[in-house]
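Novice: Here it is, the structure, as structure tokens.
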Number of protein chains: 4
Amino acid sequence: MTESNLDFTIQKLGECRFSSPVSDRHFLTDNDLLLYHSQLKDFKPYSDMWQNLPAMELAGPRDKIFFDPNELNCGIVTCGGLCPGLNDVVRAVVMELHYGYGVKKVLGFRYGYEGLVEKFGHIPAELTPQNVSRIHEMGGTILGSSRGNQDPCEMVDRLQALKIGVLFTLGGDGTLRGAHAIYEEITRRGLNIAVIGIPKTIDNDISFVQKTFGLETAVSEARRFTYAAHSEATGARNGIGLVKLMGRDSGFIAAYTSLADSQVNFCLVPESVFTLEGFLKALQKRIEAKGHAVILVAEGAGQDLIVKDVTRKKDMSGNILHEDIGGFLRDEIKAYFKEIGVETSVKYIDPSYTIRSMPANAHDSAFCLLLGHAAVHAGMSGRTDMMVGSWKGEATHIPISLAISKRKKIDLHGWLWETVLASTGQPRVM
Amino acid sequence: MTESNLDFTIQKLGECRFSSPVSDRHFLTDNDLLLYHSQLKDFKPYSDMWQNLPAMELAGPRDKIFFDPNELNCGIVTCGGLCPGLNDVVRAVVMELHYGYGVKKVLGFRYGYEGLVEKFGHIPAELTPQNVSRIHEMGGTILGSSRGNQDPCEMVDRLQALKIGVLFTLGGDGTLRGAHAIYEEITRRGLNIAVIGIPKTIDNDISFVQKTFGLETAVSEARRFTYAAHSEATGARNGIGLVKLMGRDSGFIAAYTSLADSQVNFCLVPESVFTLEGFLKALQKRIEAKGHAVILVAEGAGQDLIVKDVTRKKDMSGNILHEDIGGFLRDEIKAYFKEIGVETSVKYIDPSYTIRSMPANAHDSAFCLLLGHAAVHAGMSGRTDMMVGSWKGEATHIPISLAISKRKKIDLHGWLWETVLASTGQPRVM
Amino acid sequence: MTESNLDFTIQKLGECRFSSPVSDRHFLTDNDLLLYHSQLKDFKPYSDMWQNLPAMELAGPRDKIFFDPNELNCGIVTCGGLCPGLNDVVRAVVMELHYGYGVKKVLGFRYGYEGLVEKFGHIPAELTPQNVSRIHEMGGTILGSSRGNQDPCEMVDRLQALKIGVLFTLGGDGTLRGAHAIYEEITRRGLNIAVIGIPKTIDNDISFVQKTFGLETAVSEARRFTYAAHSEATGARNGIGLVKLMGRDSGFIAAYTSLADSQVNFCLVPESVFTLEGFLKALQKRIEAKGHAVILVAEGAGQDLIVKDVTRKKDMSGNILHEDIGGFLRDEIKAYFKEIGVETSVKYIDPSYTIRSMPANAHDSAFCLLLGHAAVHAGMSGRTDMMVGSWKGEATHIPISLAISKRKKIDLHGWLWETVLASTGQPRVM
Amino acid sequence: MTESNLDFTIQKLGECRFSSPVSDRHFLTDNDLLLYHSQLKDFKPYSDMWQNLPAMELAGPRDKIFFDPNELNCGIVTCGGLCPGLNDVVRAVVMELHYGYGVKKVLGFRYGYEGLVEKFGHIPAELTPQNVSRIHEMGGTILGSSRGNQDPCEMVDRLQALKIGVLFTLGGDGTLRGAHAIYEEITRRGLNIAVIGIPKTIDNDISFVQKTFGLETAVSEARRFTYAAHSEATGARNGIGLVKLMGRDSGFIAAYTSLADSQVNFCLVPESVFTLEGFLKALQKRIEAKGHAVILVAEGAGQDLIVKDVTRKKDMSGNILHEDIGGFLRDEIKAYFKEIGVETSVKYIDPSYTIRSMPANAHDSAFCLLLGHAAVHAGMSGRTDMMVGSWKGEATHIPISLAISKRKKIDLHGWLWETVLASTGQPRVM
């Protein structure tokens with residue numbers, strides 16, 4: 001099939017004469033078209049302007065590489081909270097370095113950036129195809145992790161001392177900032193050490209990456225908890241099941257889980273502000289109509305309702321520590337229905353660390369493999385200060401500075417949130 | 001962030017002076033760039049040529065609709081083999097018709113296209129939000145299915161008799177051809193009946209759809225079998241675990257499963273031809289080096305090795321019936337190692353119908369919901385002779401004639417197959 | 001093989017001359033012998049005394065039955081908290097009444113004992129083989145439940161009004177007391193209504209029943225949470241994973257889960273008293289030796305440590321409401337290690353309702369089927385004021401008055417607790 | 001509560017005047033009583049005859065032990081086919097030897113009894129708490145296995161050479177015979193080497209052990225396949241799902257799976273003979289009544305139907321190799337319905353090695369821990385030529401000669417088979 005055969009014209013029965021019964025949706029027009037092509041060179045036949053389009057570098061192996069594999073030592077470090085797939089990535093990096101390039105020595109730094117600072121005394125583990133062979137079957141990280149950054153100078157000292165040529169860092173926003181600081185110190189010293197980030201955020205909140213590893217596993221696991229909440233809700237008169245999920249600033253896990261378990265009736269995320277009164281009234285309506293309800297709340301949702309004059313606390317990675325919206329809503333729901341004289345049975349479920357500690361599911365295992373290989377190829381080619389990512393189904397390279405320039409959040413006018421609203425039936429504004 | 005801030009330039013340490021140790025890879029060049037944007041209108045600022053780029057219509061709700069929801073009856077039918085998510089789609093269509101548009105009557109035709117032909121005597125089931133409420137938790141299809149097409153005239157007779165305005169068909173290539181034939185008969189009669197296809201192929205072999213529902217679940221389930229094969233392979237001296245998976249013409253399930261379970265050492269798919277001798281020699285090398293091996297074979301792989309003078313048989317849907325490559329390989333492997341005097345323990349596992357009969361996993365449940373809603377929006381807007389699909393993470397509309405113009409197959413130069421080769425370590429040519 | 005061949009004599013190499021290195025175990029002697037036979041009549045050949053041994057009636061079908069199946073209406077009710085397998089039992093009772101005896105009408109009372117009281121206005125659901133066909137695949141209870149007993153007079157009024165001949169009650173200690181009260185009112189009125197209890201307690205705390213349904217599923221599910229705790233514990237320096245499980249008065253779930261996940265290092269149950277200081281010292285020792293620890297605590301454990309002058313609250317079923325030992329321990333552990341200057345990372349996981357809301361696993365499904373059938377046989381034979389149970393692998397009948405005479409607790413000198421101590425390595429006394 | 005309070009008398013409403021509508025059941029009488037007590041010493045108060053009752057030795061730690069832990073080397077070997085829980089037992093043995101007794105050296109012999117014969121050249125692995133720490137999470141056996149026995153003299157030579165004091169053997173009937181032969185050779189030479197068997201048979205066919213490890217996991221896994229068969233059966237007109245499970249001589253897995261998945265309509269086991277005609281007629285009746293059917297067949301069932309003049313083949317362990325009853329039934333069913341002019345859709349599923357290769361579920365993990373500890377205690381006490389087992393919920397010691405004296409089979413008059421018949425609704429005789 002040649003391109004000239006590509007006729008995407010859709011047949012229509014005739015003119016549309018009726019208005020959609022739902023008036024507050026984000027409607028599409030005939031100008032909402034998706035490009036068939038993704039790669040920049042596919043546009044060359046059409047115009048000369050193709051060179052000016054914003055485009056990311058595709059990840060993958062290069063013909064010419066920067067490092068001599070026979071002389072190269074690599075290091076890998078996992079930072080921040082656990083996330084399904086950490087061990088998959090570690091394994092993939094080690095395997096591809098060994099079998100793909102013949103790199104002999106890979107060091108696993110222990111307990112996050114602490115492991116890069118000599119004074120903590122953590123001995124790096126030598127990682128071999130043998131000792132990483134089955135680590136992907138395990139949750140957590142065999143390297144251990146810690147929160148917070150360390151002094152770039154001390155870290156680069158150790159990289160030099162151990163003759164590391166490529167450092168792979170797995171972590172989120174804070175870890176990427178740390179990686180960038182390491183890169184800057186390396187540049188200042190004029191060293192040939194590449195720093196390659198692999199984005200790890202179970203919240204999926206890093207920009208320019210469509211989905212981060214662990215998200216799919218998190219949704220699979222989260223669905224177990226909404227299932228439980230639904231059992232509880234239907235098992236009692238006016239039963240209300242309330243589940244709190246991860247999602248400090250971005251509610252992707254909650255949103256996708258709402259789609260994966262269509263029994264969810266309310267999905268509350270940080271991106272969509274709501275009033276307590278609006279929510280409780282909508283909940284009351286639902287209870288009156290159906291006799292039960294399932295509510296999913298991301299931990300960062302509704303913070304304005306509970307945090308008022310409280311000075312915001314931060315954890316060691318600089319993340320704002322949130323008040324417990326779950327417990328807050330549970331109490332408010334109980335109080336509200338008590339006041340209006342409706343007997344309810346409210347069950348609150350907080351999976352906390354359970355979701356992030358599980359092994360990767362099949363999707364994430366495959367994805368982590370791809371990312372691990374992509375990171376190795378990028379490092380071997382001498383690229384640095386970048387992270388590997390995923391865009392439109394392809395693995396890509398992203399400058400770290402761009403990746404940390406803003407948090408990714410749910411687009412309240414995109415298909416994800418639209419579908420959440422349609423599936424839950426919750427009001428767009430409440 | 002404005003577009004002018006989008007600097008995707010990647011830092012490099014310096015010139016690449018070494019050649020990649022692996023010479024037969026598909027290497028990328030600096031021209032391999034991925035567009036940041038996907039939607040056609042995003043290109044307007046850059047050039048006027050944007051209107052001529054090949055682009056698909058995005059799926060979603062429209063402001064104006066063709067059918068009056070108060071008068072509309074809809075029908076839905078599931079055809080061909082089982083696939084995880086069928087019930088999810090049925091539920092999503094019913095729910096969105098009911099709650100999104102206020103359509104009151106949805107009929108579920110029984111046992112595939114048979115249910116659209118009066119003489120078979122299958123009474124359609126009336127589908128309501130109540131009776132489909134928990135069907136997505138079940139594997140299979142509550143409507144029943146059958147293979148093969150029926151006479152378009154008889155089917156349109158029944159659609160007319162039941163006053164159906166939109167018919168949703170779930171099925172693969174053959175079912176889409178059937179839907180197109182129904183559309184043609186409708187057009188011939190000048191009726192206002194829309195036909196919307198929802199692509200269902202566990203093999204993921206329909207073109208212009210990046211992933212079809214059920215694939216992710218299939219890979220999740222398939223990984224259980226490769227896990228078993230790995231246990232068996234490592235549990236015996238020179239243990240060889242051989243798993244046959246679905247994949248008549250396209251080996252996507254096998255390829256993705258190889259990535260999802262990195263213990264797979266050989267992945268054989270229809271797209272990549274191999275000689276028996278080449279494969280057996282590579283297997284011998286693996287056994288000598290590691291003492292065990294896991295082989296994954298798609299049912300359509302290596303057909304040239306076994307089908308020679310046999311006249312090709314077809315099933316009722318017109319699919320070519322394949323000889324059992326699994327049993328063939330098992331026997332050939334045993335014979336080969338016996339001949340060269342190496343004692344092996346070969347365990348053959350054929351999951352057959354198990355994989356396709358399971359309920360959808362979280363990913364597919366969410367995806368089916370999205371597709372079901374997209375199909376409803378398309379039908380309500382009066383679109384017809386089209387199917388809903390998924391492209392670069394967005395739901396889209398595809399003309400059926402385009403979708404059935406060719407089978408989708410693994411690109412042997414794309415990242416999927418490259419990563420399979422890198423992960424398994426199998427030779428590119430054997 | 002005849003009985004005279006049964007030679008259970010064990011060979012020994014010789015005299016035992018060494019003392020066991022562990023001195024505080026419960027050791028066995030040569031008099032610790034287990035009877036081969038279980039059924040009373042098997043003892044007849046040996047002695048006339050067999051008639052005087054304490055023995056339970058075996059459950060199962062009887063040749064002669066009390067009720068005329070053609071005239072009989074039955075009722076079933078689920079009370080108290082959710083437990084995996086409720087729907088399995090409901091289904092089994094309906095199926096066996098219908099297919100085993102030809103009983104046509106089975107009513108499912110809604111929302112526990114409330115459904116037996118007319119004023120609450122809950123219409124009973126008519127249960128048929130069709131509408132219960134797939135309910136066993138779902139967690140929760142399709143009938144709904146509620147806590148607390150109702151007035152026996154009102155309940156018997158309704159049983160009479162609906163012409164119920166056999167009432168099946170699923171519930172724990174409180175529900176059995178309610179069933180007994182119903183029986184007494186029935187007896188007072190001289191009615192032919194049988195009351196058959198089916199013990200439902202996820203805590204496994206009903207006496208004269210070796211294992212209650214739901215326990216095995218609970219342990220399976222609980223193991224997911226200890227797995228998560230172990231991932232967290234090993235993922236940080238001095239990581240401590242703390243999981244709270246059900247177990248108000250009896251710690252069976254925690255104890256069995258410790259055996260099912262041998263990564264658990266401390267198992268705290270209500271039956272085994274400990275001091276805070278003793279526990280914290282033992283934990284410190286573990287952390288110093290291994291760098292991580294997993295702690296499992298039953299909700300009723302260590303209540304003496306936190307409840308002091310607090311007046312004990314009770315829920316509507318009369319169960320004492322416990323203070324949260326999990327949160328208490330988390331805080332005490334953190335404070336202790338802070339005081340002694342050891343940095344730790346404590347992760348607290350409270351699965352709460354998740355475990356009890358899941359569908360039954362294979363073991364419990366089979367067990368529930370057996371119990372449901374046993375209950376039907378007992379009811380049809382006119383037995384009353386009894387519950388079905390399980391003893392030494394056989395289904396049995398137990399008078400309700402005996403069953404509620406005391407709570408079942410872990411025997412601190414039995415194999416279960418001994419094995420917990422051996423597997424965790426925790427001190428017997430702390 | 002004292003014994004004198006134990007009143008197990010069951011209340012009855014009155015005389016039973018009706019006959020049970022099902023006439024061919026195994027009915028109970030008032031003499032069917034189950035003993036409350038299990039341990040022999042509990043009978044002492046009742047009579048002096050208690051010493052003569054057949055009774056098994058309870059497993060557990062003893063005060064005095066035979067071996068000096070400081071001087072002792074132990075060995076462990078896994079033989080025959082895979083079974084869920086093998087690694088759990090290996091781990092439990094190593095952990096209890098190390099932590100419970102202070103034994104320093106435990107050798108894991110590779111690839112079954114081959115590993116005990118020097119000429120095969122398999123180096124034993126030294127097993128430590130560190131390297132077995134997470135093996136219980138994996139299916140298969142880390143030691144590898146092989147079928148068949150080896151020369152006892154050669155095996156004892158090696159035990160002597162390696163100064164092994166206790167040998168733990170995991171395997172079925174054949175392995176136990178091998179262990180007994182080793183014991184005899186040890187006795188002939190007058191050595192102080194104990195041989196302790198741990199019964200491993202996924203078929204649960206070893207006598208004097210109520211349930212063997214792996215059975216519960218097998219049933220859990222098998223239920224997935226009957227689920228798939230049910231999806232297929234209900235997804236087509238006159239759909240028939242046929243699943244073949246393990247069970248050469250004993251159909252326990254099939255029987256328990258029928259209870260665990262009550263959608264099974266026919267359960268065919270080796271113990272219950274049937275005619276092809278009888279079965280097909282019963283199947284026809286079911287199809288006519290319900291339009292679908294699920295059939296479960298143990299691999300050893302109906303062998304008389306297919307094996308006629310064929311000389312019986314045996315595998316290396318001496319097990320009779322069975323013809324494929326699954327394929328046979330599939331073909332016969334298709335032919336039968338074709339002949340009577342009924343269109344059916346028959347789907348055959350053969351899980352083969354998948355079930356046995358999975359990790360142990362929670363139940364089996366706990367059980368394996370108990371058995372492993374029991375084996376260690378038995379070995380340390382100098383017991384030999386015995387195996388550990390499980391009886392009425394207690395761990396026991398059984399002489400190997402008794403254990404191998406007969407195969408355990410389903411009692412066709414016991415509750416298990418009775419419940420299978422009641423649940424499936426299949427005729428007792430067909």
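Every chain in the structure tokens takes a letter, A first, then B, and so on in the order presented; its residues are numbered from 1, and the ligands are numbered from 1 following the presented order.
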Find the residues near segment 33-43 of chain C: any atom within 8 Å, counting only C-alpha atoms, skip ones fewer than 4 places away on the same chain, and give them as a ChimeraX atom specification.

Specialist: /C:47,50-51,53,55,392 /D:31-35,38-41,53-58,391,396

Novice: Could you write those residues out with N, CA and C atoms, as a compact mmCIF listing (two decimals), in the first residue's frame?

Specialist:
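Output contents, as saved in part17.txt:
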# COMPACT_ATOMS: atom_id res chain seq x y z
N SER C 47 -13.20 -52.41 71.56
CA SER C 47 -13.68 -52.32 72.94
C SER C 47 -15.15 -51.91 72.96
N TRP C 50 -16.37 -47.79 73.27
CA TRP C 50 -16.44 -46.82 72.18
C TRP C 50 -17.68 -45.95 72.22
N GLN C 51 -18.75 -46.51 72.83
CA GLN C 51 -19.98 -45.73 72.82
C GLN C 51 -19.92 -44.51 73.73
N LEU C 53 -17.25 -42.45 74.11
CA LEU C 53 -16.30 -41.41 73.72
C LEU C 53 -17.03 -40.18 73.21
N ALA C 55 -18.12 -37.65 70.78
CA ALA C 55 -18.11 -37.75 69.32
C ALA C 55 -19.18 -36.85 68.73
N LYS C 392 -11.36 -32.41 61.72
CA LYS C 392 -10.45 -33.43 61.18
C LYS C 392 -10.74 -33.76 59.73
N ASN D 31 -25.33 -43.81 63.58
CA ASN D 31 -24.06 -44.33 64.10
C ASN D 31 -22.84 -43.68 63.47
N ASP D 32 -23.08 -42.78 62.54
CA ASP D 32 -21.94 -42.13 61.89
C ASP D 32 -21.46 -40.96 62.73
N LEU D 33 -20.57 -41.27 63.64
CA LEU D 33 -20.10 -40.27 64.60
C LEU D 33 -18.59 -40.09 64.47
N LEU D 34 -18.19 -38.87 64.63
CA LEU D 34 -16.77 -38.55 64.51
C LEU D 34 -16.19 -38.26 65.89
N LEU D 35 -15.08 -38.88 66.18
CA LEU D 35 -14.45 -38.66 67.48
C LEU D 35 -14.00 -37.22 67.63
N SER D 38 -8.27 -36.73 68.94
CA SER D 38 -7.41 -37.32 67.92
C SER D 38 -6.20 -38.02 68.51
N GLN D 39 -5.78 -37.54 69.65
CA GLN D 39 -4.53 -38.05 70.19
C GLN D 39 -4.79 -39.18 71.17
N LEU D 40 -3.95 -40.17 71.07
CA LEU D 40 -4.19 -41.40 71.80
C LEU D 40 -4.32 -41.16 73.30
N LYS D 41 -3.50 -40.29 73.83
CA LYS D 41 -3.50 -40.11 75.29
C LYS D 41 -4.80 -39.49 75.79
N LEU D 53 -4.99 -49.13 70.22
CA LEU D 53 -5.55 -48.53 69.00
C LEU D 53 -4.45 -48.20 68.00
N PRO D 54 -4.75 -48.37 66.71
CA PRO D 54 -3.75 -48.00 65.71
C PRO D 54 -3.51 -46.50 65.76
N ALA D 55 -2.29 -46.12 65.91
CA ALA D 55 -1.98 -44.70 66.06
C ALA D 55 -0.63 -44.38 65.46
N MET D 56 -0.53 -43.18 64.93
CA MET D 56 0.71 -42.72 64.30
C MET D 56 1.49 -41.85 65.27
N GLU D 57 2.76 -41.85 65.09
CA GLU D 57 3.61 -40.97 65.88
C GLU D 57 3.43 -39.54 65.39
N LEU D 58 3.25 -38.62 66.32
CA LEU D 58 3.16 -37.20 65.95
C LEU D 58 4.55 -36.65 65.61
N TRP D 391 -2.06 -35.96 58.91
CA TRP D 391 -3.24 -36.78 59.19
C TRP D 391 -4.17 -36.00 60.10
N THR D 396 2.67 -36.05 61.04
CA THR D 396 2.93 -37.37 61.62
C THR D 396 4.14 -38.04 60.97

Novice: Pull out every residue of chain D sitting within 10 Å of chain A, counting only C-alpha atoms, and send them as a PyMOL selection string.

Specialist: chain D and resi 134+137-138

Novice: Which neighbours of segment 116-127 of chain C fall inside 9 Å, counting only C-alpha atoms, when residues of the same chain fewer than 3 positions from it are skipped, and could you give them as a PDB file with N, CA and C atoms, in the first residue's frame?

Specialist:
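After the write, part.pdb holds the following:
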ATOM      1  N   GLY C  75     -35.413 -20.248  53.761  1.00  0.00           N
ATOM      2  CA  GLY C  75     -34.893 -18.886  53.804  1.00  0.00           C
ATOM      3  C   GLY C  75     -33.418 -18.922  54.123  1.00  0.00           C
ATOM      4  N   VAL C  77     -30.024 -16.158  55.168  1.00  0.00           N
ATOM      5  CA  VAL C  77     -29.676 -14.789  55.561  1.00  0.00           C
ATOM      6  C   VAL C  77     -28.181 -14.721  55.869  1.00  0.00           C
ATOM      7  N   ARG C  91     -25.109 -19.924  47.070  1.00  0.00           N
ATOM      8  CA  ARG C  91     -25.314 -20.683  45.834  1.00  0.00           C
ATOM      9  C   ARG C  91     -25.459 -22.178  46.118  1.00  0.00           C
ATOM     10  N   VAL C  94     -28.839 -23.044  47.650  1.00  0.00           N
ATOM     11  CA  VAL C  94     -29.916 -22.957  46.653  1.00  0.00           C
ATOM     12  C   VAL C  94     -29.858 -24.138  45.687  1.00  0.00           C
ATOM     13  N   LYS C 105     -38.895 -23.180  46.375  1.00  0.00           N
ATOM     14  CA  LYS C 105     -38.836 -21.780  46.780  1.00  0.00           C
ATOM     15  C   LYS C 105     -37.783 -21.520  47.857  1.00  0.00           C
ATOM     16  N   VAL C 106     -36.843 -20.678  47.510  1.00  0.00           N
ATOM     17  CA  VAL C 106     -35.824 -20.264  48.475  1.00  0.00           C
ATOM     18  C   VAL C 106     -35.788 -18.742  48.494  1.00  0.00           C
ATOM     19  N   LEU C 107     -35.976 -18.190  49.674  1.00  0.00           N
ATOM     20  CA  LEU C 107     -35.965 -16.726  49.802  1.00  0.00           C
ATOM     21  C   LEU C 107     -34.648 -16.258  50.412  1.00  0.00           C
ATOM     22  N   GLY C 108     -34.075 -15.242  49.806  1.00  0.00           N
ATOM     23  CA  GLY C 108     -32.875 -14.625  50.373  1.00  0.00           C
ATOM     24  C   GLY C 108     -33.277 -13.368  51.125  1.00  0.00           C
ATOM     25  N   PHE C 109     -33.152 -13.383  52.446  1.00  0.00           N
ATOM     26  CA  PHE C 109     -33.483 -12.192  53.246  1.00  0.00           C
ATOM     27  C   PHE C 109     -32.370 -11.165  53.084  1.00  0.00           C
ATOM     28  N   ARG C 110     -32.741  -9.900  52.931  1.00  0.00           N
ATOM     29  CA  ARG C 110     -31.771  -8.851  52.643  1.00  0.00           C
ATOM     30  C   ARG C 110     -31.202  -8.223  53.922  1.00  0.00           C
ATOM     31  N   TYR C 111     -29.962  -7.858  53.878  1.00  0.00           N
ATOM     32  CA  TYR C 111     -29.305  -7.058  54.919  1.00  0.00           C
ATOM     33  C   TYR C 111     -29.409  -7.682  56.320  1.00  0.00           C
ATOM     34  N   GLY C 112     -29.010  -8.929  56.433  1.00  0.00           N
ATOM     35  CA  GLY C 112     -28.915  -9.584  57.728  1.00  0.00           C
ATOM     36  C   GLY C 112     -30.259  -9.756  58.399  1.00  0.00           C
ATOM     37  N   TYR C 113     -30.240  -9.814  59.718  1.00  0.00           N
ATOM     38  CA  TYR C 113     -31.476 -10.053  60.483  1.00  0.00           C
ATOM     39  C   TYR C 113     -32.509  -8.945  60.273  1.00  0.00           C
ATOM     40  N   GLN C 130     -30.918 -20.170  38.332  1.00  0.00           N
ATOM     41  CA  GLN C 130     -30.485 -19.221  37.304  1.00  0.00           C
ATOM     42  C   GLN C 130     -29.836 -17.982  37.929  1.00  0.00           C
ATOM     43  N   ASN C 131     -30.532 -17.361  38.865  1.00  0.00           N
ATOM     44  CA  ASN C 131     -29.974 -16.085  39.319  1.00  0.00           C
ATOM     45  C   ASN C 131     -28.840 -16.211  40.339  1.00  0.00           C
ATOM     46  N   VAL C 132     -28.558 -17.414  40.819  1.00  0.00           N
ATOM     47  CA  VAL C 132     -27.361 -17.569  41.668  1.00  0.00           C
ATOM     48  C   VAL C 132     -26.206 -18.223  40.909  1.00  0.00           C
ATOM     49  N   LEU C 143     -26.828 -10.745  49.080  1.00  0.00           N
ATOM     50  CA  LEU C 143     -27.997 -10.477  49.909  1.00  0.00           C
ATOM     51  C   LEU C 143     -27.847  -9.189  50.712  1.00  0.00           C
ATOM     52  N   GLN C 150     -31.957  -8.862  66.034  1.00  0.00           N
ATOM     53  CA  GLN C 150     -33.279  -8.254  66.048  1.00  0.00           C
ATOM     54  C   GLN C 150     -34.155  -9.037  67.020  1.00  0.00           C
ATOM     55  N   ASP C 151     -35.310  -8.537  67.284  1.00  0.00           N
ATOM     56  CA  ASP C 151     -36.258  -9.180  68.201  1.00  0.00           C
ATOM     57  C   ASP C 151     -36.705 -10.537  67.636  1.00  0.00           C
ATOM     58  N   GLU C 154     -40.408 -10.807  66.372  1.00  0.00           N
ATOM     59  CA  GLU C 154     -40.678 -10.217  65.066  1.00  0.00           C
ATOM     60  C   GLU C 154     -40.141 -11.093  63.942  1.00  0.00           C
ATOM     61  N   MET C 155     -38.970 -11.693  64.187  1.00  0.00           N
ATOM     62  CA  MET C 155     -38.363 -12.518  63.139  1.00  0.00           C
ATOM     63  C   MET C 155     -39.190 -13.787  62.915  1.00  0.00           C
ATOM     64  N   VAL C 156     -39.648 -14.408  63.998  1.00  0.00           N
ATOM     65  CA  VAL C 156     -40.441 -15.635  63.837  1.00  0.00           C
ATOM     66  C   VAL C 156     -41.809 -15.295  63.231  1.00  0.00           C
ATOM     67  N   ASP C 157     -42.327 -14.129  63.558  1.00  0.00           N
ATOM     68  CA  ASP C 157     -43.563 -13.675  62.896  1.00  0.00           C
ATOM     69  C   ASP C 157     -43.410 -13.742  61.385  1.00  0.00           C
ATOM     70  N   ARG C 158     -42.294 -13.210  60.933  1.00  0.00           N
ATOM     71  CA  ARG C 158     -42.102 -13.155  59.480  1.00  0.00           C
ATOM     72  C   ARG C 158     -41.869 -14.552  58.888  1.00  0.00           C
ATOM     73  N   LEU C 159     -41.124 -15.389  59.602  1.00  0.00           N
ATOM     74  CA  LEU C 159     -40.904 -16.757  59.113  1.00  0.00           C
ATOM     75  C   LEU C 159     -42.247 -17.463  58.949  1.00  0.00           C
TER      76      LEU C 159
END

Novice: To one decimal place in Å, what is the distance between atom CA of His377 of chain C and atom CA of Leu283 of chain D?

Specialist: 27.2 Å

Novice: For the strand (DSSP E or B) assignment from backbone DSSP, which residues of segment 54-92 of chain A qualify? Please present them as a ChimeraX atom specification.

Specialist: /A:55-58,62,64-65,73-78

Novice: Take atom CA of Ile10 of chain A and atom CA of Met387 of chain B and report the distance between them in Å, one decimal.

Specialist: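 Distance between the two atoms: 9.4 Å.
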
Novice: Hey, what does DSSP flag as helix (DSSP H, G or I) within segment 123-210 of chain B? Can you give it to me as a ChimeraX atom specification?

Specialist: /B:135-137,152-161,173-189

Novice: Please provide the set of residues having any atom within 8 Å of Ile349 of chain B, restricted to only C-alpha atoms, with same-chain residues fewer than 6 positions apart removed, written as a PDB file with C-alpha atoms, in the first residue's frame.

Specialist:
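Okay, this is what ended up in result32.pdb:
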ATOM      1  CA  PHE B 225       2.899 -20.411  30.469  1.00  0.00           C
ATOM      2  CA  ALA B 229       8.156 -23.598  30.675  1.00  0.00           C
ATOM      3  CA  GLY B 241      10.383 -25.711  27.578  1.00  0.00           C
ATOM      4  CA  LEU B 242       8.351 -25.138  24.425  1.00  0.00           C
ATOM      5  CA  VAL B 243       5.192 -23.009  24.442  1.00  0.00           C
ATOM      6  CA  LYS B 244       2.843 -22.498  21.523  1.00  0.00           C
TER       7      LYS B 244
ATOM      8  CA  PRO D 351      -2.767 -27.570  30.741  1.00  0.00           C
ATOM      9  CA  SER D 352      -0.059 -30.249  30.851  1.00  0.00           C
ATOM     10  CA  TYR D 353       2.992 -29.001  32.759  1.00  0.00           C
ATOM     11  CA  THR D 354       1.604 -25.580  33.544  1.00  0.00           C
TER      12      THR D 354
END
